[in-house]
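> One file is attached below, model-v7.cif, containing mmCIF, C-alpha atoms and all ligand atoms.
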```
data_start
#
loop_
_atom_site.group_PDB
_atom_site.id
_atom_site.type_symbol
_atom_site.label_atom_id
_atom_site.label_comp_id
_atom_site.auth_asym_id
_atom_site.auth_seq_id
_atom_site.Cartn_x
_atom_site.Cartn_y
_atom_site.Cartn_z
ATOM 1 C CA MET A 45 -29.139 41.139 -41.662
ATOM 2 C CA VAL A 46 -28.937 39.244 -38.375
ATOM 3 C CA ASN A 47 -26.432 36.443 -38.334
ATOM 4 C CA HIS A 48 -27.949 33.639 -36.264
ATOM 5 C CA TYR A 49 -24.858 31.560 -36.692
ATOM 6 C CA ASN A 50 -22.671 32.286 -33.699
ATOM 7 C CA ALA A 51 -22.268 29.764 -30.864
ATOM 8 C CA ALA A 52 -22.406 26.867 -33.254
ATOM 9 C CA ALA A 53 -19.522 28.357 -35.215
ATOM 10 C CA HIS A 54 -17.125 26.551 -32.915
ATOM 11 C CA ASP A 55 -18.786 23.156 -33.297
ATOM 12 C CA PRO A 56 -16.854 20.859 -35.568
ATOM 13 C CA VAL A 57 -18.317 20.952 -39.061
ATOM 14 C CA VAL A 58 -19.215 17.432 -40.125
ATOM 15 C CA ALA A 59 -20.222 16.703 -43.719
ATOM 16 C CA ILE A 60 -21.420 13.512 -45.368
ATOM 17 C CA TYR A 61 -20.300 12.610 -48.873
ATOM 18 C CA PRO A 62 -22.863 9.958 -49.847
ATOM 19 C CA GLY A 63 -22.915 7.734 -52.874
ATOM 20 C CA SER A 64 -22.807 4.279 -54.373
ATOM 21 C CA PHE A 65 -19.027 4.325 -54.956
ATOM 22 C CA ASP A 66 -19.279 1.207 -57.137
ATOM 23 C CA PRO A 67 -16.295 1.539 -57.299
ATOM 24 C CA ILE A 68 -14.540 4.697 -56.088
ATOM 25 C CA THR A 69 -12.986 6.662 -58.970
ATOM 26 C CA ASN A 70 -10.249 9.274 -59.015
ATOM 27 C CA GLY A 71 -13.052 11.801 -59.538
ATOM 28 C CA HIS A 72 -14.531 10.823 -56.151
ATOM 29 C CA LEU A 73 -11.067 10.971 -54.633
ATOM 30 C CA ASP A 74 -10.498 14.469 -56.001
ATOM 31 C CA LEU A 75 -13.767 15.579 -54.412
ATOM 32 C CA ILE A 76 -12.901 13.910 -51.103
ATOM 33 C CA SER A 77 -9.516 15.602 -51.075
ATOM 34 C CA ARG A 78 -10.998 19.050 -51.718
ATOM 35 C CA GLY A 79 -14.014 18.510 -49.450
ATOM 36 C CA ALA A 80 -11.833 17.365 -46.547
ATOM 37 C CA LYS A 81 -10.086 20.735 -46.584
ATOM 38 C CA LEU A 82 -13.380 22.583 -46.083
ATOM 39 C CA VAL A 83 -14.789 20.724 -43.089
ATOM 40 C CA ASP A 84 -13.542 19.328 -39.811
ATOM 41 C CA ARG A 85 -14.759 15.809 -40.526
ATOM 42 C CA LEU A 86 -15.852 14.275 -43.807
ATOM 43 C CA ILE A 87 -17.802 11.021 -43.699
ATOM 44 C CA VAL A 88 -17.791 9.146 -46.983
ATOM 45 C CA ALA A 89 -20.957 7.061 -46.755
ATOM 46 C CA VAL A 90 -21.913 4.154 -49.007
ATOM 47 C CA LEU A 91 -25.629 3.591 -49.500
ATOM 48 C CA ARG A 92 -26.421 -0.017 -48.494
ATOM 49 C CA ASN A 93 -29.969 -0.493 -49.769
ATOM 50 C CA SER A 94 -29.530 0.855 -53.279
ATOM 51 C CA SER A 95 -31.967 -0.180 -55.999
ATOM 52 C CA LYS A 96 -29.025 -0.368 -58.424
ATOM 53 C CA ALA A 97 -27.450 -3.824 -58.887
ATOM 54 C CA PRO A 98 -23.861 -3.201 -57.773
ATOM 55 C CA LEU A 99 -20.734 -4.873 -59.141
ATOM 56 C CA PHE A 100 -18.986 -4.734 -55.766
ATOM 57 C CA THR A 101 -20.490 -5.688 -52.407
ATOM 58 C CA VAL A 102 -20.785 -2.975 -49.765
ATOM 59 C CA ALA A 103 -17.894 -4.607 -47.849
ATOM 60 C CA GLU A 104 -15.697 -4.500 -50.968
ATOM 61 C CA ARG A 105 -16.600 -0.871 -51.662
ATOM 62 C CA LEU A 106 -15.853 0.115 -48.068
ATOM 63 C CA GLU A 107 -12.500 -1.644 -48.245
ATOM 64 C CA MET A 108 -11.540 0.126 -51.477
ATOM 65 C CA LEU A 109 -12.679 3.475 -50.054
ATOM 66 C CA ARG A 110 -10.701 2.922 -46.845
ATOM 67 C CA GLY A 111 -7.616 2.010 -48.853
ATOM 68 C CA ALA A 112 -7.922 5.094 -51.046
ATOM 69 C CA THR A 113 -8.688 7.580 -48.255
ATOM 70 C CA GLY A 114 -6.308 6.285 -45.571
ATOM 71 C CA GLY A 115 -4.040 9.298 -46.078
ATOM 72 C CA PHE A 116 -6.694 11.818 -45.029
ATOM 73 C CA CYS A 117 -6.768 12.164 -41.238
ATOM 74 C CA ASN A 118 -10.243 13.765 -41.096
ATOM 75 C CA VAL A 119 -11.984 11.379 -43.497
ATOM 76 C CA GLU A 120 -14.053 8.458 -42.237
ATOM 77 C CA VAL A 121 -15.658 5.740 -44.340
ATOM 78 C CA ASP A 122 -19.042 4.307 -43.335
ATOM 79 C CA SER A 123 -22.221 2.873 -44.818
ATOM 80 C CA PHE A 124 -25.859 3.771 -44.248
ATOM 81 C CA ASP A 125 -29.378 2.536 -44.844
ATOM 82 C CA GLY A 126 -32.600 4.475 -45.240
ATOM 83 C CA LEU A 127 -32.893 8.210 -45.664
ATOM 84 C CA LEU A 128 -29.686 10.179 -46.070
ATOM 85 C CA VAL A 129 -31.005 13.039 -43.914
ATOM 86 C CA ASP A 130 -31.761 10.628 -41.047
ATOM 87 C CA TYR A 131 -28.217 9.326 -41.269
ATOM 88 C CA ALA A 132 -26.940 12.922 -41.350
ATOM 89 C CA ALA A 133 -28.943 13.650 -38.194
ATOM 90 C CA ARG A 134 -27.542 10.561 -36.446
ATOM 91 C CA ARG A 135 -24.014 11.647 -37.338
ATOM 92 C CA ASN A 136 -24.593 15.307 -36.364
ATOM 93 C CA ALA A 137 -23.688 16.328 -39.883
ATOM 94 C CA ARG A 138 -24.464 19.863 -40.917
ATOM 95 C CA ALA A 139 -23.836 19.333 -44.593
ATOM 96 C CA ILE A 140 -24.080 16.888 -47.452
ATOM 97 C CA LEU A 141 -21.307 17.108 -50.013
ATOM 98 C CA ARG A 142 -21.954 16.293 -53.664
ATOM 99 C CA GLY A 143 -19.978 16.733 -56.855
ATOM 100 C CA ILE A 144 -21.239 18.166 -60.124
ATOM 101 C CA ARG A 145 -19.404 17.067 -63.261
ATOM 102 C CA ALA A 146 -21.556 18.572 -65.959
ATOM 103 C CA ILE A 147 -24.837 20.380 -66.399
ATOM 104 C CA SER A 148 -26.475 16.965 -66.907
ATOM 105 C CA ASP A 149 -25.823 16.143 -63.234
ATOM 106 C CA TYR A 150 -27.567 19.301 -62.139
ATOM 107 C CA GLU A 151 -31.217 18.340 -62.550
ATOM 108 C CA HIS A 152 -31.027 15.168 -60.481
ATOM 109 C CA GLU A 153 -28.869 16.855 -57.860
ATOM 110 C CA LEU A 154 -31.306 19.753 -57.637
ATOM 111 C CA GLN A 155 -34.220 17.371 -57.040
ATOM 112 C CA MET A 156 -32.329 15.466 -54.360
ATOM 113 C CA THR A 157 -31.177 18.662 -52.671
ATOM 114 C CA LEU A 158 -34.659 20.142 -52.532
ATOM 115 C CA MET A 159 -36.153 16.882 -51.271
ATOM 116 C CA ASN A 160 -33.478 16.561 -48.598
ATOM 117 C CA ARG A 161 -34.014 20.188 -47.607
ATOM 118 C CA ARG A 162 -37.756 19.578 -47.288
ATOM 119 C CA LEU A 163 -37.117 16.498 -45.162
ATOM 120 C CA ARG A 164 -34.497 18.161 -42.949
ATOM 121 C CA PRO A 165 -33.847 21.873 -43.480
ATOM 122 C CA GLU A 166 -31.006 21.827 -40.921
ATOM 123 C CA THR A 167 -28.827 19.846 -43.313
ATOM 124 C CA ASP A 168 -27.716 21.806 -46.346
ATOM 125 C CA THR A 169 -26.014 20.486 -49.478
ATOM 126 C CA ILE A 170 -22.653 21.783 -50.624
ATOM 127 C CA PHE A 171 -21.642 21.254 -54.245
ATOM 128 C CA LEU A 172 -18.118 21.122 -55.562
ATOM 129 C CA ILE A 173 -17.409 21.155 -59.265
ATOM 130 C CA ALA A 174 -15.477 18.035 -60.228
ATOM 131 C CA GLY A 175 -11.881 18.558 -61.280
ATOM 132 C CA GLU A 176 -11.848 19.128 -65.056
ATOM 133 C CA ALA A 177 -9.607 16.080 -65.545
ATOM 134 C CA PHE A 178 -12.426 13.953 -64.087
ATOM 135 C CA SER A 179 -15.495 15.663 -65.487
ATOM 136 C CA PHE A 180 -16.225 12.691 -67.761
ATOM 137 C CA VAL A 181 -15.409 9.974 -65.203
ATOM 138 C CA SER A 182 -18.176 7.929 -63.611
ATOM 139 C CA SER A 183 -18.144 4.522 -61.906
ATOM 140 C CA HIS A 184 -20.627 3.339 -64.529
ATOM 141 C CA LEU A 185 -18.427 4.322 -67.507
ATOM 142 C CA VAL A 186 -15.275 2.984 -65.861
ATOM 143 C CA LYS A 187 -16.946 -0.432 -65.419
ATOM 144 C CA GLU A 188 -18.247 -0.427 -68.987
ATOM 145 C CA VAL A 189 -14.908 0.560 -70.544
ATOM 146 C CA PHE A 190 -13.051 -1.974 -68.397
ATOM 147 C CA ALA A 191 -15.483 -4.799 -69.257
ATOM 148 C CA LEU A 192 -14.949 -4.058 -72.959
ATOM 149 C CA GLY A 193 -11.163 -4.142 -72.649
ATOM 150 C CA GLY A 194 -10.497 -0.384 -72.607
ATOM 151 C CA ASP A 195 -7.736 1.327 -70.643
ATOM 152 C CA ILE A 196 -8.942 2.768 -67.336
ATOM 153 C CA SER A 197 -5.543 3.569 -65.845
ATOM 154 C CA GLY A 198 -5.517 6.983 -64.176
ATOM 155 C CA LEU A 199 -9.288 6.963 -63.771
ATOM 156 C CA VAL A 200 -9.438 4.841 -60.611
ATOM 157 C CA PRO A 201 -6.924 4.104 -57.848
ATOM 158 C CA LYS A 202 -4.506 1.261 -58.731
ATOM 159 C CA ALA A 203 -6.038 -1.011 -56.067
ATOM 160 C CA VAL A 204 -9.463 -0.567 -57.667
ATOM 161 C CA GLU A 205 -8.050 -1.485 -61.069
ATOM 162 C CA GLU A 206 -6.696 -4.681 -59.487
ATOM 163 C CA ARG A 207 -10.096 -5.422 -57.927
ATOM 164 C CA LEU A 208 -11.776 -4.999 -61.301
ATOM 165 C CA LYS A 209 -9.288 -7.421 -62.836
ATOM 166 C CA GLU A 210 -9.974 -9.963 -60.051
ATOM 167 C CA LYS A 211 -13.728 -9.633 -60.617
ATOM 168 C CA GLN A 212 -13.273 -10.205 -64.322
ATOM 169 C CA LEU A 213 -11.106 -13.294 -63.757
ATOM 170 C CA LEU A 214 -13.727 -14.730 -61.378
ATOM 171 C CA LYS A 215 -16.421 -14.073 -63.972
ATOM 172 C CA GLU A 216 -14.388 -15.758 -66.709
ATOM 173 C CA LYS A 217 -13.806 -18.816 -64.473
ATOM 174 C CA GLY A 218 -17.394 -19.025 -63.223
HETATM 175 O O1 LIG B 301 -23.603 7.961 -56.166
HETATM 176 P P1 LIG B 301 -25.084 8.057 -56.318
HETATM 177 O O2 LIG B 301 -25.656 6.726 -56.685
HETATM 178 O O3 LIG B 301 -25.481 9.157 -57.262
HETATM 179 O O4 LIG B 301 -25.674 8.445 -54.860
HETATM 180 C C1 LIG B 301 -27.050 8.622 -54.671
HETATM 181 C C2 LIG B 301 -27.349 8.794 -53.172
HETATM 182 C C3 LIG B 301 -26.785 7.648 -52.355
HETATM 183 C C4 LIG B 301 -26.767 10.091 -52.690
HETATM 184 C C5 LIG B 301 -28.903 8.870 -53.016
HETATM 185 O O5 LIG B 301 -29.475 7.795 -53.688
HETATM 186 C C6 LIG B 301 -29.363 8.843 -51.577
HETATM 187 O O6 LIG B 301 -29.138 9.762 -50.835
HETATM 188 N N1 LIG B 301 -30.029 7.737 -51.174
HETATM 189 C C7 LIG B 301 -30.481 7.529 -49.806
HETATM 190 C C8 LIG B 301 -31.988 7.435 -49.726
HETATM 191 C C9 LIG B 301 -32.576 8.819 -49.646
HETATM 192 O O7 LIG B 301 -32.330 9.577 -48.731
HETATM 193 N N2 LIG B 301 -33.393 9.150 -50.667
HETATM 194 C C10 LIG B 301 -33.967 10.458 -50.819
HETATM 195 C C11 LIG B 301 -32.920 11.401 -51.373
HETATM 196 S S1 LIG B 301 -33.639 12.763 -52.117
#
```
Now that the file is in, can you turn its structure into structure tokens?

Amino acid sequence: MVNHYNAAAHDPVVAIYPGSFDPITNGHLDLISRGAKLVDRLIVAVLRNSSKAPLFTVAERLEMLRGATGGFCNVEVDSFDGLLVDYAARRNARAILRGIRAISDYEHELQMTLMNRRLRPETDTIFLIAGEAFSFVSSHLVKEVFALGGDISGLVPKAVEERLKEKQLLKEKG
């Protein structure tokens, strides 16, 4: 088989890790930490025009992400609008990084991957299996458990826990 991948092998490998990150969890952080070891530059990108109603503003999510990823020298935090593959093209990214926690994630991820591949075959999707300690952790569940008074320590960075507490206090006051 002919390997067409030669000259480009020396180009820095840039990957985008896209998501809502509302808020970042330790599961995301685990993926960022493992993904950052595989590529030259990892761009963690928050979707701005999501149809989901977020708890945190994009600015708040970016701030929490920057705080949590400051220790990784090849990780950048950014936000994007529109199609992910167009953003990937603008950033010269060769890959999209996504995490799979359980088989239930697979179907949606498969659809997105195939759609993205159809839209821009040059950008491929890399999947990492979430660390087993985080396979049940999602931003959605963390917010729900927190809102109902459950313990979320160890599931999100400490600063995120503080932000959730602040949000709750504001809600109680307002
Ligand atoms: O963390 P999430 O909410 O599962 O992330 C979903 C995300 C941001 C990866 C996805 O919604 C996305 O890529 N949106 C950008 C718009 C787009 O390109 N849509 C077509 C993707 S198939």
> Would you mind listing the residues within 12 Å of ligand LIG 301 (chain B), counting all atoms listed in the file, as JSON, numbers by chain?
{"A": [60, 61, 62, 63, 64, 65, 66, 67, 68, 69, 71, 72, 88, 89, 90, 91, 92, 93, 94, 95, 96, 97, 98, 123, 124, 125, 126, 127, 128, 129, 130, 131, 132, 133, 140, 141, 142, 143, 144, 145, 149, 150, 152, 153, 154, 155, 156, 157, 158, 159, 160, 161, 162, 163, 164, 169, 182, 183, 184]}
> What does the distance between CA of Phe178 in chain A and CA of Val58 in chain A come to in Å, to one decimal place?
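Spanning CA of Phe178 in chain A to CA of Val58 in chain A is a straight-line distance of 25.1 Å.
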> Take the PyMOL selection byres (((chain A and resi 202) around 12) and not hetatm), apply it to the structure above, and return the hits as a short mmCIF file (atom, residue, chain, number, x, y, z; two decimals) with C-alpha atoms, in the frame of the given file.

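Saved as result-v7.cif:
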```cif
data_model
loop_
_atom_site.label_atom_id
_atom_site.label_comp_id
_atom_site.auth_asym_id
_atom_site.auth_seq_id
_atom_site.Cartn_x
_atom_site.Cartn_y
_atom_site.Cartn_z
CA PRO A 67 -16.30 1.54 -57.30
CA ILE A 68 -14.54 4.70 -56.09
CA THR A 69 -12.99 6.66 -58.97
CA ASN A 70 -10.25 9.27 -59.02
CA MET A 108 -11.54 0.13 -51.48
CA GLY A 111 -7.62 2.01 -48.85
CA ALA A 112 -7.92 5.09 -51.05
CA ILE A 196 -8.94 2.77 -67.34
CA SER A 197 -5.54 3.57 -65.84
CA GLY A 198 -5.52 6.98 -64.18
CA LEU A 199 -9.29 6.96 -63.77
CA VAL A 200 -9.44 4.84 -60.61
CA PRO A 201 -6.92 4.10 -57.85
CA ALA A 203 -6.04 -1.01 -56.07
CA VAL A 204 -9.46 -0.57 -57.67
CA GLU A 205 -8.05 -1.48 -61.07
CA GLU A 206 -6.70 -4.68 -59.49
CA ARG A 207 -10.10 -5.42 -57.93
CA LEU A 208 -11.78 -5.00 -61.30
CA LYS A 209 -9.29 -7.42 -62.84
#
```
> So what does the PyMOL selection byres (((chain A and resi 85) around 8) and not hetatm) actually pick up in this one, as a PyMOL selection string?
chain A and resi 56-59+80+83-84+86-87+118-120
> Just the number, please: distance in Å from CA of Glu104 in chain A to CA of Leu82 in chain A, one decimal.
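Rounded to one decimal, the two atoms are 27.6 Å apart.
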> Here's the selection I'm unsure about, the PyMOL selection byres (((chain A and resi 212) around 12) and not hetatm); applied to the file above, which residues does it give, as a short mmCIF file (atom, residue, chain, number, x, y, z; two decimals) with C-alpha atoms, keeping the file's coordinate frame?

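Written out: selection35.cif:
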```
data_model
loop_
_atom_site.label_atom_id
_atom_site.label_comp_id
_atom_site.auth_asym_id
_atom_site.auth_seq_id
_atom_site.Cartn_x
_atom_site.Cartn_y
_atom_site.Cartn_z
CA LEU A 99 -20.73 -4.87 -59.14
CA PHE A 100 -18.99 -4.73 -55.77
CA LYS A 187 -16.95 -0.43 -65.42
CA GLU A 188 -18.25 -0.43 -68.99
CA PHE A 190 -13.05 -1.97 -68.40
CA ALA A 191 -15.48 -4.80 -69.26
CA LEU A 192 -14.95 -4.06 -72.96
CA GLY A 193 -11.16 -4.14 -72.65
CA GLU A 205 -8.05 -1.48 -61.07
CA GLU A 206 -6.70 -4.68 -59.49
CA ARG A 207 -10.10 -5.42 -57.93
CA LEU A 208 -11.78 -5.00 -61.30
CA LYS A 209 -9.29 -7.42 -62.84
CA GLU A 210 -9.97 -9.96 -60.05
CA LYS A 211 -13.73 -9.63 -60.62
CA LEU A 213 -11.11 -13.29 -63.76
CA LEU A 214 -13.73 -14.73 -61.38
CA LYS A 215 -16.42 -14.07 -63.97
CA GLU A 216 -14.39 -15.76 -66.71
CA LYS A 217 -13.81 -18.82 -64.47
CA GLY A 218 -17.39 -19.02 -63.22
#
```
> Between A:Ala177, A:Ala137, A:Ile147, A:Ile76, which one has atoms that come closest to Cys117 in chain A, using all atoms listed in the file?
A:Ile76
